[in-house]
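Student: My questions will all concern the structure given below.
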Amino acid sequence: MPGTRLDPIDRKILAELQADGRMTNVELARRVGISAPPCLRRVRTLEEQGYIRGYHARVDARELGFEVQVFAMVGLQSQAEADLVAFEDQCRSWPLVRQCHMLNGEVDFILKCVAPDLSTFQSFLTGELTAAPNVASVRTSLVIRVSKDDPGVPFDVLEERLGRSA
């Protein structure tokens, strides 16, 4: 089972950093119950192994003037691996696309997009997204409000699951 290679201290480190990635190593060590040097070694190892992929500030898009958030469901004409990769590469080049997820089902990709206003998004939609090679269809849904936006994973669920399998 994924996550079982990590011991409880590693999982606690990840949970604490996920909740507050700005805390000092000394504070992190205190919270997980070990001294600072081994805590720092564990954090570096978790980074090297890819469990920690980065540290980011969560900014408020609306406060920065990005009033429009849209989910775009994209269907492609071809699902050949080369065409899927080409579309993913194209998505990485579009600044308004903040997330790109390949799906199984009725649509091939769902994109989370932000824009300062509706006309900017409309220009992107008609001038770039729908005009992109291999794009067969695009359906969009405008976000009215965000009720929950928790990053990361629920560590309490992981711990409960690991507790049941022990």
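Ordering of the structure tokens sets the chain letters (A, B, ...), residue numbers begin anew at 1 in every chain, and ligands are numbered from 1 in the order given.
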Would you list the contacts of range 68-74 of chain A as a PyMOL selection string, taking every protein, DNA or RNA residue within 7 Å and counting only C-alpha atoms, but skipping same-chain residues closer than 5 positions in sequence?

Tutor: chain A and resi 107-118+137-143

Student: Those same residues - N, CA and C atoms - I'd like them written as a PDB file, in the first residue's frame.

Tutor:
```pdb
ATOM      1  N   VAL A 107     -14.997  13.015 -21.209  1.00  0.00           N
ATOM      2  CA  VAL A 107     -14.059  14.048 -21.665  1.00  0.00           C
ATOM      3  C   VAL A 107     -12.635  13.542 -21.447  1.00  0.00           C
ATOM      4  N   ASP A 108     -11.732  14.084 -22.230  1.00  0.00           N
ATOM      5  CA  ASP A 108     -10.343  13.638 -22.143  1.00  0.00           C
ATOM      6  C   ASP A 108      -9.552  14.413 -21.092  1.00  0.00           C
ATOM      7  N   PHE A 109      -9.826  15.715 -20.970  1.00  0.00           N
ATOM      8  CA  PHE A 109      -9.101  16.558 -20.020  1.00  0.00           C
ATOM      9  C   PHE A 109     -10.066  17.523 -19.353  1.00  0.00           C
ATOM     10  N   ILE A 110      -9.744  17.875 -18.118  1.00  0.00           N
ATOM     11  CA  ILE A 110     -10.418  18.996 -17.469  1.00  0.00           C
ATOM     12  C   ILE A 110      -9.322  19.985 -17.090  1.00  0.00           C
ATOM     13  N   LEU A 111      -9.566  21.235 -17.442  1.00  0.00           N
ATOM     14  CA  LEU A 111      -8.611  22.304 -17.183  1.00  0.00           C
ATOM     15  C   LEU A 111      -9.211  23.274 -16.175  1.00  0.00           C
ATOM     16  N   LYS A 112      -8.435  23.672 -15.205  1.00  0.00           N
ATOM     17  CA  LYS A 112      -8.832  24.750 -14.303  1.00  0.00           C
ATOM     18  C   LYS A 112      -8.134  26.000 -14.813  1.00  0.00           C
ATOM     19  N   CYS A 113      -8.926  27.004 -15.149  1.00  0.00           N
ATOM     20  CA  CYS A 113      -8.399  28.234 -15.732  1.00  0.00           C
ATOM     21  C   CYS A 113      -8.765  29.430 -14.857  1.00  0.00           C
ATOM     22  N   VAL A 114      -7.916  30.435 -14.847  1.00  0.00           N
ATOM     23  CA  VAL A 114      -8.225  31.707 -14.202  1.00  0.00           C
ATOM     24  C   VAL A 114      -7.971  32.824 -15.202  1.00  0.00           C
ATOM     25  N   ALA A 115      -8.734  33.899 -15.051  1.00  0.00           N
ATOM     26  CA  ALA A 115      -8.570  35.062 -15.926  1.00  0.00           C
ATOM     27  C   ALA A 115      -9.011  36.301 -15.164  1.00  0.00           C
ATOM     28  N   PRO A 116      -8.468  37.452 -15.547  1.00  0.00           N
ATOM     29  CA  PRO A 116      -8.871  38.680 -14.852  1.00  0.00           C
ATOM     30  C   PRO A 116     -10.326  39.059 -15.120  1.00  0.00           C
ATOM     31  N   ASP A 117     -10.830  38.682 -16.293  1.00  0.00           N
ATOM     32  CA  ASP A 117     -12.221  39.029 -16.626  1.00  0.00           C
ATOM     33  C   ASP A 117     -12.724  38.048 -17.680  1.00  0.00           C
ATOM     34  N   LEU A 118     -14.021  38.107 -17.938  1.00  0.00           N
ATOM     35  CA  LEU A 118     -14.643  37.174 -18.867  1.00  0.00           C
ATOM     36  C   LEU A 118     -14.152  37.365 -20.297  1.00  0.00           C
ATOM     37  N   SER A 137     -13.779  19.245 -28.978  1.00  0.00           N
ATOM     38  CA  SER A 137     -14.875  19.914 -28.269  1.00  0.00           C
ATOM     39  C   SER A 137     -14.371  20.511 -26.962  1.00  0.00           C
ATOM     40  N   VAL A 138     -15.037  21.601 -26.559  1.00  0.00           N
ATOM     41  CA  VAL A 138     -14.744  22.238 -25.280  1.00  0.00           C
ATOM     42  C   VAL A 138     -16.066  22.660 -24.662  1.00  0.00           C
ATOM     43  N   ARG A 139     -16.299  22.231 -23.447  1.00  0.00           N
ATOM     44  CA  ARG A 139     -17.449  22.694 -22.667  1.00  0.00           C
ATOM     45  C   ARG A 139     -16.885  23.391 -21.435  1.00  0.00           C
ATOM     46  N   THR A 140     -17.475  24.519 -21.072  1.00  0.00           N
ATOM     47  CA  THR A 140     -16.956  25.275 -19.936  1.00  0.00           C
ATOM     48  C   THR A 140     -18.022  25.463 -18.863  1.00  0.00           C
ATOM     49  N   SER A 141     -17.556  25.568 -17.629  1.00  0.00           N
ATOM     50  CA  SER A 141     -18.415  25.888 -16.494  1.00  0.00           C
ATOM     51  C   SER A 141     -17.725  26.966 -15.676  1.00  0.00           C
ATOM     52  N   LEU A 142     -18.413  28.067 -15.490  1.00  0.00           N
ATOM     53  CA  LEU A 142     -17.904  29.196 -14.725  1.00  0.00           C
ATOM     54  C   LEU A 142     -18.106  28.933 -13.233  1.00  0.00           C
ATOM     55  N   VAL A 143     -17.065  29.129 -12.443  1.00  0.00           N
ATOM     56  CA  VAL A 143     -17.155  28.939 -11.001  1.00  0.00           C
ATOM     57  C   VAL A 143     -17.877  30.143 -10.391  1.00  0.00           C
TER      58      VAL A 143
END
```

Student: When you look at range 7-23 of chain A with a cut-off of 10 Å (counting only C-alpha atoms), what residues show up, excluding the ones that are within fewer than 6 positions of it in the same chain? I need them as a VMD selection string.

Tutor: chain A and resid 29 31 to 34 39 42 to 43 45 to 46 51 to 52 54 to 57 150 to 156 158 to 159 162

Student: Those residues you just picked out, can you put them in a file as an mmCIF file, in the first residue's frame with N, CA and C atoms?

Tutor:
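Saved as out.cif:
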```
data_model
loop_
_atom_site.group_PDB
_atom_site.id
_atom_site.type_symbol
_atom_site.label_atom_id
_atom_site.label_comp_id
_atom_site.auth_asym_id
_atom_site.auth_seq_id
_atom_site.Cartn_x
_atom_site.Cartn_y
_atom_site.Cartn_z
ATOM 1 N N ALA A 29 10.489 20.049 14.219
ATOM 2 C CA ALA A 29 11.051 18.981 15.064
ATOM 3 C C ALA A 29 10.302 18.890 16.388
ATOM 4 N N ARG A 31 7.201 19.749 16.959
ATOM 5 C CA ARG A 31 5.854 19.221 16.735
ATOM 6 C C ARG A 31 5.840 17.714 16.495
ATOM 7 N N VAL A 32 6.892 17.193 15.875
ATOM 8 C CA VAL A 32 6.902 15.752 15.589
ATOM 9 C C VAL A 32 7.640 14.944 16.661
ATOM 10 N N GLY A 33 8.263 15.635 17.612
ATOM 11 C CA GLY A 33 8.860 14.945 18.754
ATOM 12 C C GLY A 33 10.247 14.381 18.536
ATOM 13 N N ILE A 34 11.035 15.024 17.666
ATOM 14 C CA ILE A 34 12.430 14.624 17.499
ATOM 15 C C ILE A 34 13.287 15.885 17.524
ATOM 16 N N CYS A 39 15.464 15.734 12.121
ATOM 17 C CA CYS A 39 14.266 16.228 11.438
ATOM 18 C C CYS A 39 14.649 16.801 10.079
ATOM 19 N N ARG A 42 15.475 14.064 7.668
ATOM 20 C CA ARG A 42 14.261 13.405 7.187
ATOM 21 C C ARG A 42 13.556 14.268 6.124
ATOM 22 N N VAL A 43 13.491 15.570 6.366
ATOM 23 C CA VAL A 43 12.850 16.464 5.390
ATOM 24 C C VAL A 43 13.606 16.412 4.069
ATOM 25 N N THR A 45 15.434 13.996 2.903
ATOM 26 C CA THR A 45 15.183 12.687 2.289
ATOM 27 C C THR A 45 13.802 12.646 1.651
ATOM 28 N N LEU A 46 12.796 13.194 2.331
ATOM 29 C CA LEU A 46 11.435 13.237 1.772
ATOM 30 C C LEU A 46 11.397 14.076 0.497
ATOM 31 N N TYR A 51 8.403 12.896 -2.137
ATOM 32 C CA TYR A 51 7.195 13.067 -1.319
ATOM 33 C C TYR A 51 6.860 14.546 -1.154
ATOM 34 N N ILE A 52 7.889 15.375 -1.063
ATOM 35 C CA ILE A 52 7.711 16.833 -1.011
ATOM 36 C C ILE A 52 8.157 17.366 -2.358
ATOM 37 N N GLY A 54 7.559 20.617 -3.436
ATOM 38 C CA GLY A 54 7.822 22.043 -3.455
ATOM 39 C C GLY A 54 7.141 22.734 -2.296
ATOM 40 N N TYR A 55 7.399 24.010 -2.165
ATOM 41 C CA TYR A 55 6.812 24.851 -1.125
ATOM 42 C C TYR A 55 6.220 26.065 -1.824
ATOM 43 N N HIS A 56 4.970 26.368 -1.532
ATOM 44 C CA HIS A 56 4.287 27.430 -2.259
ATOM 45 C C HIS A 56 3.441 28.271 -1.315
ATOM 46 N N ALA A 57 3.297 29.539 -1.659
ATOM 47 C CA ALA A 57 2.336 30.400 -0.975
ATOM 48 C C ALA A 57 0.989 30.221 -1.663
ATOM 49 N N ASP A 150 -8.912 22.569 -0.298
ATOM 50 C CA ASP A 150 -7.841 22.042 0.543
ATOM 51 C C ASP A 150 -6.770 21.399 -0.318
ATOM 52 N N PRO A 151 -5.545 21.866 -0.220
ATOM 53 C CA PRO A 151 -4.465 21.223 -0.974
ATOM 54 C C PRO A 151 -3.991 19.951 -0.271
ATOM 55 N N GLY A 152 -3.243 19.140 -0.981
ATOM 56 C CA GLY A 152 -2.617 17.977 -0.360
ATOM 57 C C GLY A 152 -3.561 16.817 -0.150
ATOM 58 N N VAL A 153 -3.243 16.016 0.851
ATOM 59 C CA VAL A 153 -4.004 14.801 1.144
ATOM 60 C C VAL A 153 -4.462 14.806 2.598
ATOM 61 N N PRO A 154 -5.540 14.063 2.912
ATOM 62 C CA PRO A 154 -6.013 13.982 4.300
ATOM 63 C C PRO A 154 -5.210 12.938 5.090
ATOM 64 N N PHE A 155 -4.207 13.381 5.832
ATOM 65 C CA PHE A 155 -3.344 12.456 6.561
ATOM 66 C C PHE A 155 -4.100 11.667 7.625
ATOM 67 N N ASP A 156 -5.162 12.223 8.183
ATOM 68 C CA ASP A 156 -5.916 11.474 9.182
ATOM 69 C C ASP A 156 -6.547 10.227 8.567
ATOM 70 N N LEU A 158 -5.250 8.546 6.006
ATOM 71 C CA LEU A 158 -4.131 7.625 5.814
ATOM 72 C C LEU A 158 -3.790 6.910 7.112
ATOM 73 N N GLU A 159 -3.689 7.672 8.196
ATOM 74 C CA GLU A 159 -3.332 7.066 9.493
ATOM 75 C C GLU A 159 -4.384 6.061 9.927
ATOM 76 N N LEU A 162 -3.914 2.925 7.792
ATOM 77 C CA LEU A 162 -2.724 2.187 8.219
ATOM 78 C C LEU A 162 -2.955 1.504 9.558
#
```

Student: Given only C-alpha atoms as the basis, pick out the residue of A:Asp149, A:Gln99, A:Leu40, A:Glu106 nearest to Glu27 in chain A.

Tutor: A:Leu40

Student: Can you tell me, as JSON, numbers by chain, which residues in range 15-160 of chain A count as helix (DSSP H, G or I) by DSSP?

Tutor: {"A": [15, 16, 17, 18, 19, 25, 26, 27, 28, 29, 30, 31, 32, 36, 37, 38, 39, 40, 41, 42, 43, 44, 45, 46, 47, 48, 81, 82, 83, 84, 85, 86, 87, 88, 89, 90, 91, 92, 93, 118, 119, 120, 121, 122, 123, 124, 125, 126, 127, 128, 129, 155, 156, 157, 158, 159, 160]}

Student: Neighbours of Trp94 in chain A within 10 Å (only C-alpha atoms; same-chain residues fewer than 5 positions away dropped), as a ChimeraX atom specification?

Tutor: /A:89,113,124,128-129

Student: Here is a test: counting only C-alpha atoms, which residue of A:Cys100, A:Asn25, A:Gly163, A:Phe121 is nearest to Pro37 in chain A?

Tutor: A:Asn25

Student: Using Å and a single decimal, report how far CA of Arg161 in chain A sits from CA of Pro38 in chain A.

Tutor: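 We find that CA of Pro38 in chain A and CA of Arg161 in chain A lie 26.7 Å from each other.
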
Student: So, counting only C-alpha atoms, which residue among A:Ser165, A:Ser119, A:Ser147, A:Thr130 is closest to Glu67 in chain A?

Tutor: A:Ser119

Student: I'd like to know which of A:Val146, A:Leu96, A:Cys91, A:Val157 is closest to Phe66 in chain A, using only C-alpha atoms.

Tutor: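 The closest residue to Phe66 in chain A is A:Leu96.
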
Student: Go through range 7-95 of chain A and collect every residue that DSSP, computed from the backbone, puts in strand (DSSP E or B); the answer should be as a list of chain:residue names.

Tutor: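 Residues of range 7-95 of chain A classed as strand (DSSP E or B): A:Val68, A:Gln69, A:Val70, A:Phe71, A:Ala72, A:Met73, A:Val74, A:Gly75, A:Leu76.
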